[in-house]
Structures are given as C-alpha cells and as structure tokens.
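Here is the structure we will look at.
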Amino acid sequence: EILMYDPIFKGEVLFNNSDTAIELSIVSKGRQFVKNLNTVLSVVEKQTGFVSEIKNVLGGLLHENGGYKFSQFFLPTDYNQKSPLKQWSSQKPLENQTIFQLEDSATNSELSRSKIRNAFEKVLLQKSEDQFLPGRVEVKEFSDLGDGSVLVALWPGSRAIITWDGKVHVDMNLCSLAVNDSFSEDFKDLFIQQIPSLKVVLQDVQPRGFGRVVNFLKDTQSTSSPHWA
C-alpha cells in the first residue's frame, strides 16, 4: 500500500464500546484533513455512542515547487539577541540528571526486589571509592506502592533512584554534580553488569540548576560569546 502524492492522507481510527471494536481507515485529500477527521469522529460518537481513537495519520510525499527562490534570507544578526544572550549568561548549571529506561530482554524474566536491590547496593559499593560518592550510602526501599519497588540513595550533591514495575521494566533516575558528567554512564554500565539481561531502551539527559538553565556546564564554560550573539 503506497500513497504517492501529497496532499493525500490516510487516517486509522478505532471505534469501540463496552463489547465491540471497529477499525476504520480513511483516505482523503486536502490540507484540512485532520480538522475534518475530528469533526466527523465527533458526529459519529454522538450518533452511535462509540468512543473513537485516532491511531495514526499518514501523509503522502510532498511536491517540490521547482524553481522557487526565497525573496529574502535572514541571519542571526538581523534579530535583537540581547534577551537570549542575557538568558545564556544567567545560566548556572549545578547538576546533570540522567534517566535510563531499562527492559529485561530475557525470555523468562527473573527480576525480583532482592535481585534489583543487590545490584543497586553492589554498584554503590563499587562507586564508594569515587571522590563524588564518599563512603557507603544508605539505601531506602519502598515496596508497598504496587507490584514493584522503589530504591532511593541520597548523598551530598547527588542521588540515585531505581523504580521497578514488578515485571520487566526498570527506571533509573541519576543526578550528579555538573562537573562529574561521566557518573551516570558509569553507574548504568555497572548496574547492567550485575543484571546483563537489562537493555537500555531510552535515555534522557538534562542539566539542572538556576537562571533558566538549558545548557550543560561544559557548554557554558567558553570565554567567548555564542556564535549567534
């Protein structure tokens, strides 16, 4: 099934109620496809009592407008950069926060509260010689929140939180001082060494601090102004 030309769109919709489910595919053209689709679904819901859910909207290939030329180009110097530069200079990154989502790839998962806690404690013990993690760190466990558990370890300037859903998913929330940008990767690698069947399926890293911080410490330490300023 191939949609070759824009503005052809295909919408995949699921209608369901307490005992019936119906899938519907709609192919149409026009720039107002999504707006019109929502209008149609609203009417169908009112008249039938079904609940609709748009599963997917696919568009065709864009047409090229051959020979088109832009009438004017704008450079960063054409804009007033005082406010962005003020925000850039006000940033004070203090920490790096990294969130890993891990999934157990084993056919028959053997994850358990004790197995995850043991792995967590072993990593903390190995990292206890790190200058950013002085001495042994106490682990608090919360296991009355559902099927899984939450493990929390706090120490000056940093923290580590492990959340297990009771099945195959583990979230790892790590915060460290901004000057120690390798801490999270090292921690994750050591944890996976303890449970090799865990695989990273998502990773998100962001700076934490004040002054409307959006950049990492290493990006703000340059003595020169940003290229756009």
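Each chain in the structure tokens gets a letter, A, B, ..., in the order shown, and its residues are numbered from 1; ligands are numbered from 1 in order too.
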Exercise. Contacts of segment 162-167 of chain A at 8 Å or less, counting only C-alpha atoms, minus same-chain residues fewer than 4 places along, as a VMD selection string?
Worked result: chain A and resid 109 111 to 113 146 to 152 171 to 173
So which bits of segment 1-194 of chain A end up strand (DSSP E or B) when you DSSP the backbone, as a compact mmCIF listing (two decimals) with N, CA and C atoms, in the first residue's frame?
# COMPACT_ATOMS: atom_id res chain seq x y z
N ILE A 8 -2.51 13.69 -0.22
CA ILE A 8 -3.31 12.53 0.16
C ILE A 8 -2.95 12.13 1.59
N PHE A 9 -3.98 11.89 2.39
CA PHE A 9 -3.76 11.49 3.78
C PHE A 9 -4.53 10.20 4.06
N LYS A 10 -3.99 9.44 4.98
CA LYS A 10 -4.67 8.23 5.44
C LYS A 10 -4.79 8.30 6.96
N GLY A 11 -6.01 8.12 7.45
CA GLY A 11 -6.23 8.09 8.89
C GLY A 11 -6.70 6.73 9.34
N GLU A 12 -6.14 6.23 10.43
CA GLU A 12 -6.55 4.95 11.01
C GLU A 12 -7.24 5.22 12.34
N VAL A 13 -8.52 4.81 12.44
CA VAL A 13 -9.35 5.14 13.58
C VAL A 13 -9.92 3.87 14.20
N LEU A 14 -9.96 3.84 15.52
CA LEU A 14 -10.56 2.72 16.24
C LEU A 14 -11.80 3.22 16.97
N PHE A 15 -12.96 2.56 16.68
CA PHE A 15 -14.20 2.84 17.41
C PHE A 15 -14.46 1.67 18.35
N ASN A 16 -14.84 1.97 19.58
CA ASN A 16 -15.13 0.88 20.49
C ASN A 16 -16.16 1.31 21.53
N ALA A 21 -15.49 -3.52 18.95
CA ALA A 21 -14.41 -2.67 18.46
C ALA A 21 -14.40 -2.72 16.94
N ILE A 22 -14.31 -1.56 16.30
CA ILE A 22 -14.30 -1.47 14.84
C ILE A 22 -13.13 -0.60 14.41
N GLU A 23 -12.35 -1.11 13.46
CA GLU A 23 -11.25 -0.33 12.91
C GLU A 23 -11.67 0.24 11.56
N LEU A 24 -11.32 1.51 11.33
CA LEU A 24 -11.71 2.19 10.10
C LEU A 24 -10.51 2.93 9.53
N SER A 25 -10.28 2.76 8.22
CA SER A 25 -9.24 3.50 7.52
C SER A 25 -9.89 4.49 6.57
N ILE A 26 -9.42 5.72 6.60
CA ILE A 26 -9.98 6.78 5.76
C ILE A 26 -8.87 7.39 4.93
N VAL A 27 -9.08 7.47 3.62
CA VAL A 27 -8.14 8.12 2.71
C VAL A 27 -8.82 9.31 2.07
N SER A 28 -8.18 10.47 2.15
CA SER A 28 -8.77 11.67 1.61
C SER A 28 -7.67 12.65 1.25
N LYS A 29 -8.05 13.79 0.71
CA LYS A 29 -7.08 14.81 0.36
C LYS A 29 -7.54 16.15 0.94
N VAL A 51 -16.83 5.28 21.21
CA VAL A 51 -15.71 6.15 21.54
C VAL A 51 -14.65 5.97 20.48
N SER A 52 -14.16 7.05 19.91
CA SER A 52 -13.18 6.96 18.82
C SER A 52 -11.77 7.26 19.31
N GLU A 53 -10.81 6.66 18.65
CA GLU A 53 -9.39 6.90 18.96
C GLU A 53 -8.62 6.91 17.64
N ILE A 54 -7.97 8.03 17.35
CA ILE A 54 -7.14 8.13 16.14
C ILE A 54 -5.82 7.42 16.41
N LYS A 55 -5.58 6.33 15.71
CA LYS A 55 -4.37 5.54 15.94
C LYS A 55 -3.19 6.07 15.15
N ASN A 56 -3.47 6.61 13.96
CA ASN A 56 -2.36 7.05 13.12
C ASN A 56 -2.88 7.95 12.01
N VAL A 57 -2.05 8.90 11.59
CA VAL A 57 -2.35 9.73 10.42
C VAL A 57 -1.09 9.77 9.57
N LEU A 58 -1.23 9.34 8.33
CA LEU A 58 -0.09 9.28 7.42
C LEU A 58 -0.34 10.23 6.25
N GLY A 59 0.72 10.92 5.83
CA GLY A 59 0.62 11.82 4.68
C GLY A 59 1.45 11.32 3.53
N LYS A 92 23.26 28.85 35.42
CA LYS A 92 24.20 28.28 36.39
C LYS A 92 23.90 26.79 36.54
N PRO A 93 24.44 25.96 35.64
CA PRO A 93 24.22 24.51 35.75
C PRO A 93 24.94 23.95 36.97
N LEU A 94 24.20 23.25 37.83
CA LEU A 94 24.78 22.67 39.04
C LEU A 94 24.84 21.15 38.99
N GLU A 95 23.87 20.54 38.31
CA GLU A 95 23.78 19.08 38.25
C GLU A 95 23.48 18.62 36.82
N ASN A 96 23.74 17.34 36.61
CA ASN A 96 23.25 16.64 35.42
C ASN A 96 22.27 15.57 35.89
N GLN A 97 21.11 15.51 35.25
CA GLN A 97 20.13 14.47 35.56
C GLN A 97 20.01 13.55 34.35
N THR A 98 20.15 12.27 34.58
CA THR A 98 20.02 11.28 33.52
C THR A 98 18.97 10.25 33.90
N ILE A 99 18.05 10.01 33.00
CA ILE A 99 17.02 9.00 33.22
C ILE A 99 17.21 7.89 32.19
N PHE A 100 17.42 6.68 32.68
CA PHE A 100 17.52 5.49 31.83
C PHE A 100 16.25 4.66 31.99
N GLN A 101 15.71 4.20 30.89
CA GLN A 101 14.65 3.20 30.93
C GLN A 101 15.25 1.88 30.46
N LEU A 102 15.16 0.87 31.32
CA LEU A 102 15.75 -0.44 31.04
C LEU A 102 14.64 -1.48 30.93
N GLU A 103 14.84 -2.44 30.04
CA GLU A 103 13.90 -3.54 29.87
C GLU A 103 14.66 -4.86 29.97
N ASP A 104 14.04 -5.82 30.61
CA ASP A 104 14.64 -7.16 30.73
C ASP A 104 14.40 -7.91 29.42
N VAL A 139 20.61 2.80 51.59
CA VAL A 139 19.55 2.61 50.60
C VAL A 139 18.21 2.47 51.30
N LYS A 140 17.24 3.26 50.89
CA LYS A 140 15.88 3.16 51.40
C LYS A 140 15.03 2.44 50.35
N GLU A 141 14.25 1.46 50.81
CA GLU A 141 13.40 0.71 49.89
C GLU A 141 11.93 0.92 50.25
N PHE A 142 11.12 1.16 49.20
CA PHE A 142 9.68 1.31 49.35
C PHE A 142 9.02 0.25 48.46
N SER A 149 8.96 -2.00 43.26
CA SER A 149 9.61 -1.36 44.39
C SER A 149 10.32 -0.10 43.92
N VAL A 150 10.65 0.75 44.89
CA VAL A 150 11.42 1.97 44.64
C VAL A 150 12.60 1.97 45.60
N LEU A 151 13.79 2.17 45.07
CA LEU A 151 15.02 2.24 45.86
C LEU A 151 15.59 3.65 45.76
N VAL A 152 15.94 4.22 46.89
CA VAL A 152 16.44 5.60 46.92
C VAL A 152 17.75 5.64 47.69
N ALA A 153 18.74 6.31 47.09
CA ALA A 153 20.03 6.54 47.76
C ALA A 153 20.38 8.01 47.59
N LEU A 154 20.65 8.69 48.70
CA LEU A 154 20.97 10.12 48.68
C LEU A 154 22.32 10.35 49.32
N TRP A 155 23.11 11.26 48.74
CA TRP A 155 24.36 11.68 49.34
C TRP A 155 24.62 13.11 48.90
N SER A 158 24.30 14.55 45.13
CA SER A 158 23.84 13.57 44.15
C SER A 158 22.77 12.67 44.74
N ARG A 159 22.14 11.89 43.88
CA ARG A 159 21.13 10.93 44.30
C ARG A 159 20.90 9.92 43.18
N ALA A 160 20.38 8.76 43.57
CA ALA A 160 20.06 7.70 42.62
C ALA A 160 18.74 7.07 43.04
N ILE A 161 17.83 6.94 42.10
CA ILE A 161 16.52 6.36 42.38
C ILE A 161 16.24 5.27 41.34
N ILE A 162 15.94 4.07 41.81
CA ILE A 162 15.62 2.94 40.95
C ILE A 162 14.15 2.58 41.16
N THR A 163 13.41 2.48 40.07
CA THR A 163 12.00 2.10 40.13
C THR A 163 11.78 0.86 39.29
N TRP A 164 11.23 -0.17 39.90
CA TRP A 164 10.92 -1.43 39.19
C TRP A 164 9.41 -1.62 39.20
N HIS A 169 10.33 -3.88 33.57
CA HIS A 169 10.76 -2.51 33.31
C HIS A 169 11.42 -1.90 34.55
N VAL A 170 12.58 -1.26 34.33
CA VAL A 170 13.31 -0.60 35.41
C VAL A 170 13.65 0.82 34.97
N ASP A 171 13.31 1.80 35.80
CA ASP A 171 13.69 3.19 35.55
C ASP A 171 14.83 3.56 36.49
N MET A 172 15.82 4.23 35.95
CA MET A 172 16.97 4.64 36.74
C MET A 172 17.11 6.16 36.61
N ASN A 173 16.92 6.86 37.73
CA ASN A 173 16.98 8.32 37.76
C ASN A 173 18.23 8.73 38.54
N LEU A 174 19.22 9.28 37.83
CA LEU A 174 20.51 9.59 38.43
C LEU A 174 20.81 11.07 38.33
N CYS A 175 21.24 11.66 39.44
CA CYS A 175 21.66 13.06 39.46
C CYS A 175 23.06 13.14 40.04
N SER A 176 23.90 13.94 39.41
CA SER A 176 25.27 14.10 39.90
C SER A 176 25.70 15.54 39.68
N LEU A 177 26.77 15.94 40.35
CA LEU A 177 27.30 17.28 40.17
C LEU A 177 27.67 17.50 38.71
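Here atom CA of Leu75 of chain A and atom CA of Ser224 of chain A stand 19.5 Å from one another.
The two atoms in question, atom CA of Asp186 of chain A and atom CA of Gly211 of chain A, are spaced 28.5 Å apart.
Nearest to Asp189 of chain A of all the residues A:Thr20, A:Gln91, A:Gln206, A:Gln126 is A:Gln126, based on only C-alpha atoms.
The coordinates place atom CA of Gln203 of chain A at 23.0 Å from atom CA of Thr107 of chain A.
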For this session: Would you mind writing down, as JSON, numbers by chain, each residue of chain A that DSSP on the backbone assigns to alpha helix (DSSP H)?
Result: {"A": [33, 34, 35, 36, 37, 38, 39, 40, 41, 42, 43, 44, 45, 46, 47, 48, 82, 83, 84, 85, 86, 87, 88, 89, 90, 113, 114, 115, 116, 117, 118, 119, 120, 121, 122, 123, 124, 125, 126, 127, 183, 184, 185, 186, 187, 188, 189, 190, 191, 192, 193, 194, 217, 218, 219, 220]}
